[in-house]
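Note sheet for the following structure.
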Amino acid sequence: ISVTDSGVLVVYGGELKPRAPIDTGSRNDGTPRGSLHVFDLAKSLLSQGWRMLTPATQHLSPKEIDQGLPVPRVGATTVWHGDALYLWGGRGGEDMAPLDAHQVGIWKATIDWAQGRKQSVRWERISAVNEDEAPESRSYHSAVLYGVGLL
């Protein structure tokens, strides 16, 4: 969970049942892969409900979806910075295996805040110049953003 500068709570991933990450993309849990759940804390209306923002994937091939969206995971961390959500780490699948090098990297989610039903999320993988020196995959850790202009 992270909170935007304007007071919107943003939730990605997790599990409801042990070893069953939500956001499966298989529609078994009703959540398309790469979705975010948002709740506007600034409105102070508990009756407003949650909204689910999904990536626009209808024009992508299965390979493009596999490379362009984070896989379902638990135990990842997120931080909000500027206009985007940043995601790192976690474990995935029923065996809760460490993620591969591509998936464990840093993911950036940019939200299109357009009014009405057109709100969506766009994911991109942020590549580091020293990918081979990245920390080993981990889960159930914590992350904070400290200072300004870090990214």
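By order in the structure tokens, chains are A, B, ...; within a chain, residues start at 1; ligands start at 1, following the order shown.
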- request: Extract, using only C-alpha atoms, all DNA, RNA and protein residues at most 12 Å from A:Ala128, discarding same-chain residues fewer than 3 positions from it, and format them as a ChimeraX atom specification.
  value: /A:101-102,105-107,125,131-135,151
message: I'd like to know which residues of chain A are strand (DSSP E or B) (by DSSP, run on the backbone); could you write them as a ChimeraX atom specification?
response: /A:2-3,8-11,15-17,20-21,36-40,51-54,74,77-81,84-88,91-92,97-98,106-112,120-126
Grab the residues selected above and save them as a tab-separated table (two decimals), in the first residue's frame with N, CA and C atoms.
chain	number	residue	atom	x	y	z
A	2	SER	N	0.52	2.20	-0.80
A	2	SER	CA	1.17	3.50	-0.81
A	2	SER	C	0.08	4.56	-0.91
A	3	VAL	N	0.44	5.80	-0.57
A	3	VAL	CA	-0.50	6.91	-0.65
A	3	VAL	C	0.11	8.00	-1.53
A	8	VAL	N	-4.62	9.61	-2.30
A	8	VAL	CA	-5.26	8.41	-2.83
A	8	VAL	C	-4.46	7.19	-2.37
A	9	LEU	N	-5.14	6.28	-1.72
A	9	LEU	CA	-4.54	5.03	-1.26
A	9	LEU	C	-4.46	4.08	-2.45
A	10	VAL	N	-3.27	3.51	-2.72
A	10	VAL	CA	-3.05	2.64	-3.87
A	10	VAL	C	-2.57	1.28	-3.36
A	11	VAL	N	-3.28	0.20	-3.75
A	11	VAL	CA	-2.95	-1.16	-3.30
A	11	VAL	C	-2.60	-2.02	-4.51
A	15	GLU	N	-2.24	-11.38	-0.91
A	15	GLU	CA	-2.93	-12.67	-0.94
A	15	GLU	C	-4.11	-12.65	0.00
A	16	LEU	N	-5.16	-13.35	-0.38
A	16	LEU	CA	-6.32	-13.53	0.48
A	16	LEU	C	-6.30	-14.91	1.11
A	17	LYS	N	-5.78	-15.88	0.35
A	17	LYS	CA	-5.60	-17.24	0.82
A	17	LYS	C	-4.11	-17.56	0.73
A	20	ALA	N	-1.73	-18.03	-2.69
A	20	ALA	CA	-2.57	-17.73	-3.85
A	20	ALA	C	-2.55	-16.22	-4.08
A	21	PRO	N	-1.51	-15.73	-4.79
A	21	PRO	CA	-1.46	-14.28	-5.03
A	21	PRO	C	-2.68	-13.79	-5.77
A	36	LEU	N	-4.52	-2.18	-10.10
A	36	LEU	CA	-4.34	-1.46	-8.84
A	36	LEU	C	-5.72	-1.18	-8.27
A	37	HIS	N	-5.82	-1.19	-6.96
A	37	HIS	CA	-7.05	-0.81	-6.28
A	37	HIS	C	-6.79	0.53	-5.61
A	38	VAL	N	-7.70	1.48	-5.78
A	38	VAL	CA	-7.50	2.83	-5.25
A	38	VAL	C	-8.71	3.27	-4.42
A	39	PHE	N	-8.41	4.10	-3.42
A	39	PHE	CA	-9.44	4.67	-2.55
A	39	PHE	C	-9.00	6.10	-2.25
A	40	ASP	N	-9.86	7.07	-2.53
A	40	ASP	CA	-9.52	8.48	-2.35
A	40	ASP	C	-9.78	8.91	-0.90
A	51	ARG	N	-12.08	1.60	-6.20
A	51	ARG	CA	-12.07	1.49	-7.66
A	51	ARG	C	-10.90	0.60	-8.06
A	52	MET	N	-11.08	-0.19	-9.11
A	52	MET	CA	-10.01	-1.01	-9.63
A	52	MET	C	-9.58	-0.42	-10.97
A	53	LEU	N	-8.29	-0.14	-11.11
A	53	LEU	CA	-7.73	0.38	-12.35
A	53	LEU	C	-6.96	-0.75	-13.02
A	54	THR	N	-7.23	-0.99	-14.28
A	54	THR	CA	-6.59	-2.09	-15.00
A	54	THR	C	-5.77	-1.57	-16.16
A	74	VAL	N	3.31	-11.69	-3.87
A	74	VAL	CA	3.04	-11.31	-2.48
A	74	VAL	C	4.35	-10.84	-1.88
A	77	THR	N	7.21	-4.57	-2.08
A	77	THR	CA	7.05	-3.25	-1.49
A	77	THR	C	6.74	-2.24	-2.59
A	78	THR	N	6.03	-1.19	-2.21
A	78	THR	CA	5.75	-0.09	-3.13
A	78	THR	C	6.01	1.23	-2.43
A	79	VAL	N	6.37	2.23	-3.21
A	79	VAL	CA	6.45	3.61	-2.75
A	79	VAL	C	5.85	4.49	-3.83
A	80	TRP	N	5.27	5.61	-3.44
A	80	TRP	CA	4.74	6.58	-4.39
A	80	TRP	C	5.73	7.73	-4.46
A	81	HIS	N	6.11	8.12	-5.68
A	81	HIS	CA	7.02	9.25	-5.87
A	81	HIS	C	6.59	10.04	-7.09
A	84	ALA	N	3.99	8.52	-9.83
A	84	ALA	CA	4.00	7.08	-10.13
A	84	ALA	C	4.22	6.23	-8.89
A	85	LEU	N	3.78	4.99	-9.02
A	85	LEU	CA	3.99	3.96	-8.00
A	85	LEU	C	5.17	3.12	-8.44
A	86	TYR	N	6.10	2.86	-7.52
A	86	TYR	CA	7.27	2.03	-7.82
A	86	TYR	C	7.17	0.75	-6.99
A	87	LEU	N	7.43	-0.38	-7.63
A	87	LEU	CA	7.27	-1.71	-7.04
A	87	LEU	C	8.58	-2.47	-7.14
A	88	TRP	N	8.93	-3.21	-6.07
A	88	TRP	CA	10.13	-4.06	-6.12
A	88	TRP	C	9.92	-5.29	-5.26
A	91	ARG	N	7.41	-12.49	-3.97
A	91	ARG	CA	7.48	-13.89	-4.40
A	91	ARG	C	6.20	-14.19	-5.17
A	92	GLY	N	6.26	-15.21	-6.02
A	92	GLY	CA	5.10	-15.47	-6.84
A	92	GLY	C	4.75	-16.93	-7.00
A	97	ALA	N	7.89	-19.03	-5.11
A	97	ALA	CA	9.28	-19.02	-5.55
A	97	ALA	C	9.78	-17.60	-5.75
A	98	PRO	N	11.10	-17.39	-5.61
A	98	PRO	CA	11.66	-16.09	-5.94
A	98	PRO	C	11.38	-15.76	-7.41
A	106	ILE	N	12.71	-3.25	-10.77
A	106	ILE	CA	11.84	-2.13	-10.40
A	106	ILE	C	10.79	-1.92	-11.49
A	107	TRP	N	9.54	-1.85	-11.07
A	107	TRP	CA	8.41	-1.59	-11.96
A	107	TRP	C	7.81	-0.24	-11.60
A	108	LYS	N	7.41	0.50	-12.62
A	108	LYS	CA	6.78	1.81	-12.45
A	108	LYS	C	5.37	1.74	-13.00
A	109	ALA	N	4.40	2.15	-12.18
A	109	ALA	CA	2.99	2.21	-12.60
A	109	ALA	C	2.57	3.67	-12.64
A	110	THR	N	2.16	4.11	-13.80
A	110	THR	CA	1.65	5.47	-13.98
A	110	THR	C	0.14	5.37	-14.16
A	111	ILE	N	-0.57	6.16	-13.39
A	111	ILE	CA	-2.03	6.11	-13.42
A	111	ILE	C	-2.57	7.24	-14.28
A	112	ASP	N	-3.51	6.88	-15.18
A	112	ASP	CA	-4.25	7.87	-15.95
A	112	ASP	C	-5.47	8.23	-15.10
A	120	SER	N	-7.03	4.24	-15.91
A	120	SER	CA	-6.27	3.01	-16.15
A	120	SER	C	-4.86	3.17	-15.59
A	121	VAL	N	-4.10	2.08	-15.67
A	121	VAL	CA	-2.72	2.07	-15.19
A	121	VAL	C	-1.81	1.59	-16.32
A	122	ARG	N	-0.62	2.17	-16.41
A	122	ARG	CA	0.38	1.76	-17.40
A	122	ARG	C	1.65	1.35	-16.67
A	123	TRP	N	2.11	0.13	-16.92
A	123	TRP	CA	3.30	-0.42	-16.27
A	123	TRP	C	4.50	-0.35	-17.21
A	124	GLU	N	5.67	-0.12	-16.63
A	124	GLU	CA	6.91	-0.26	-17.38
A	124	GLU	C	8.01	-0.74	-16.43
A	125	ARG	N	8.90	-1.53	-16.94
A	125	ARG	CA	10.03	-2.06	-16.16
A	125	ARG	C	11.16	-1.05	-16.26
A	126	ILE	N	11.73	-0.64	-15.13
A	126	ILE	CA	12.84	0.30	-15.10
A	126	ILE	C	14.13	-0.51	-15.05
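Taking atom CA of A:Thr4 as the reference point, atom CA of A:Asp66 is found at 27.0 Å.
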message: Give me, as a ChimeraX atom specification, all polymer residues having an atom no more than 8 Å from A:Val71, counting only C-alpha atoms and skipping those fewer than 6 positions away in the same chain.
response: /A:24,33-34,92,103
What would the file look like if the residues just selected were written as a compact mmCIF listing (two decimals), in the first residue's frame with N, CA, C and O atoms?
# COMPACT_ATOMS: atom_id res chain seq x y z
N THR A 24 -4.17 -12.52 -10.47
CA THR A 24 -3.68 -13.68 -11.20
C THR A 24 -3.73 -13.51 -12.70
O THR A 24 -3.02 -14.20 -13.41
N ARG A 33 -4.57 -9.05 -14.47
CA ARG A 33 -3.16 -8.89 -14.13
C ARG A 33 -2.73 -7.44 -14.26
O ARG A 33 -3.07 -6.75 -15.20
N GLY A 34 -1.96 -6.98 -13.28
CA GLY A 34 -1.44 -5.62 -13.29
C GLY A 34 -2.39 -4.57 -12.76
O GLY A 34 -2.14 -3.38 -12.88
N GLY A 92 6.26 -15.21 -6.02
CA GLY A 92 5.10 -15.47 -6.84
C GLY A 92 4.75 -16.93 -7.00
O GLY A 92 5.55 -17.82 -6.70
N GLN A 103 11.47 -9.97 -13.56
CA GLN A 103 10.31 -9.64 -12.74
C GLN A 103 10.68 -8.99 -11.41
O GLN A 103 9.95 -8.16 -10.89
query: Closest to A:Gln67 among A:Asp83, A:Asp100, A:Pro32, A:Ser6, using only C-alpha atoms?
result: A:Asp100
- request: Enumerate as a list in words all residues of chain A assigned to alpha helix (DSSP H) by DSSP on the backbone, naming them with the chain letters and numbers the document uses.
  value: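 Put together, the selection reads Pro62, Lys63, Glu64, Ile65, Asp66, Gln67, Gly68, Ala101, His102, Gln103 and Val104 of chain A.
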message: Which residues are near A:Tyr140? Cut-off 7 Å, only C-alpha atoms, ignore same chain within fewer than 4 positions. Put them as a ChimeraX atom specification.
response: /A:75-76,90
For the selection just defined, write its residues with N, CA and C atoms to a file, as a PDB file, in the first residue's frame.
ATOM      1  N   GLY A  75       4.263 -10.051  -0.837  1.00  0.00           N
ATOM      2  CA  GLY A  75       5.452  -9.636  -0.112  1.00  0.00           C
ATOM      3  C   GLY A  75       6.312  -8.609  -0.807  1.00  0.00           C
ATOM      4  N   ALA A  76       5.789  -7.916  -1.815  1.00  0.00           N
ATOM      5  CA  ALA A  76       6.540  -6.858  -2.500  1.00  0.00           C
ATOM      6  C   ALA A  76       6.382  -5.548  -1.738  1.00  0.00           C
ATOM      7  N   GLY A  90       9.237  -9.333  -3.890  1.00  0.00           N
ATOM      8  CA  GLY A  90       8.113 -10.218  -3.682  1.00  0.00           C
ATOM      9  C   GLY A  90       8.401 -11.641  -4.131  1.00  0.00           C
TER      10      GLY A  90
END
message: Taking only C-alpha atoms into account, name the residue in A:Gln48, A:Thr57, A:Asn130, A:Ser35 that is nearest to A:Pro70.
response: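 Smallest distance to A:Pro70 is found for A:Ser35.
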query: What gap, in Å, lies between atom CA of A:Gly13 and atom CA of A:Lys43?
result: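 One can read the atom CA of A:Gly13 to atom CA of A:Lys43 distance as 24.1 Å.
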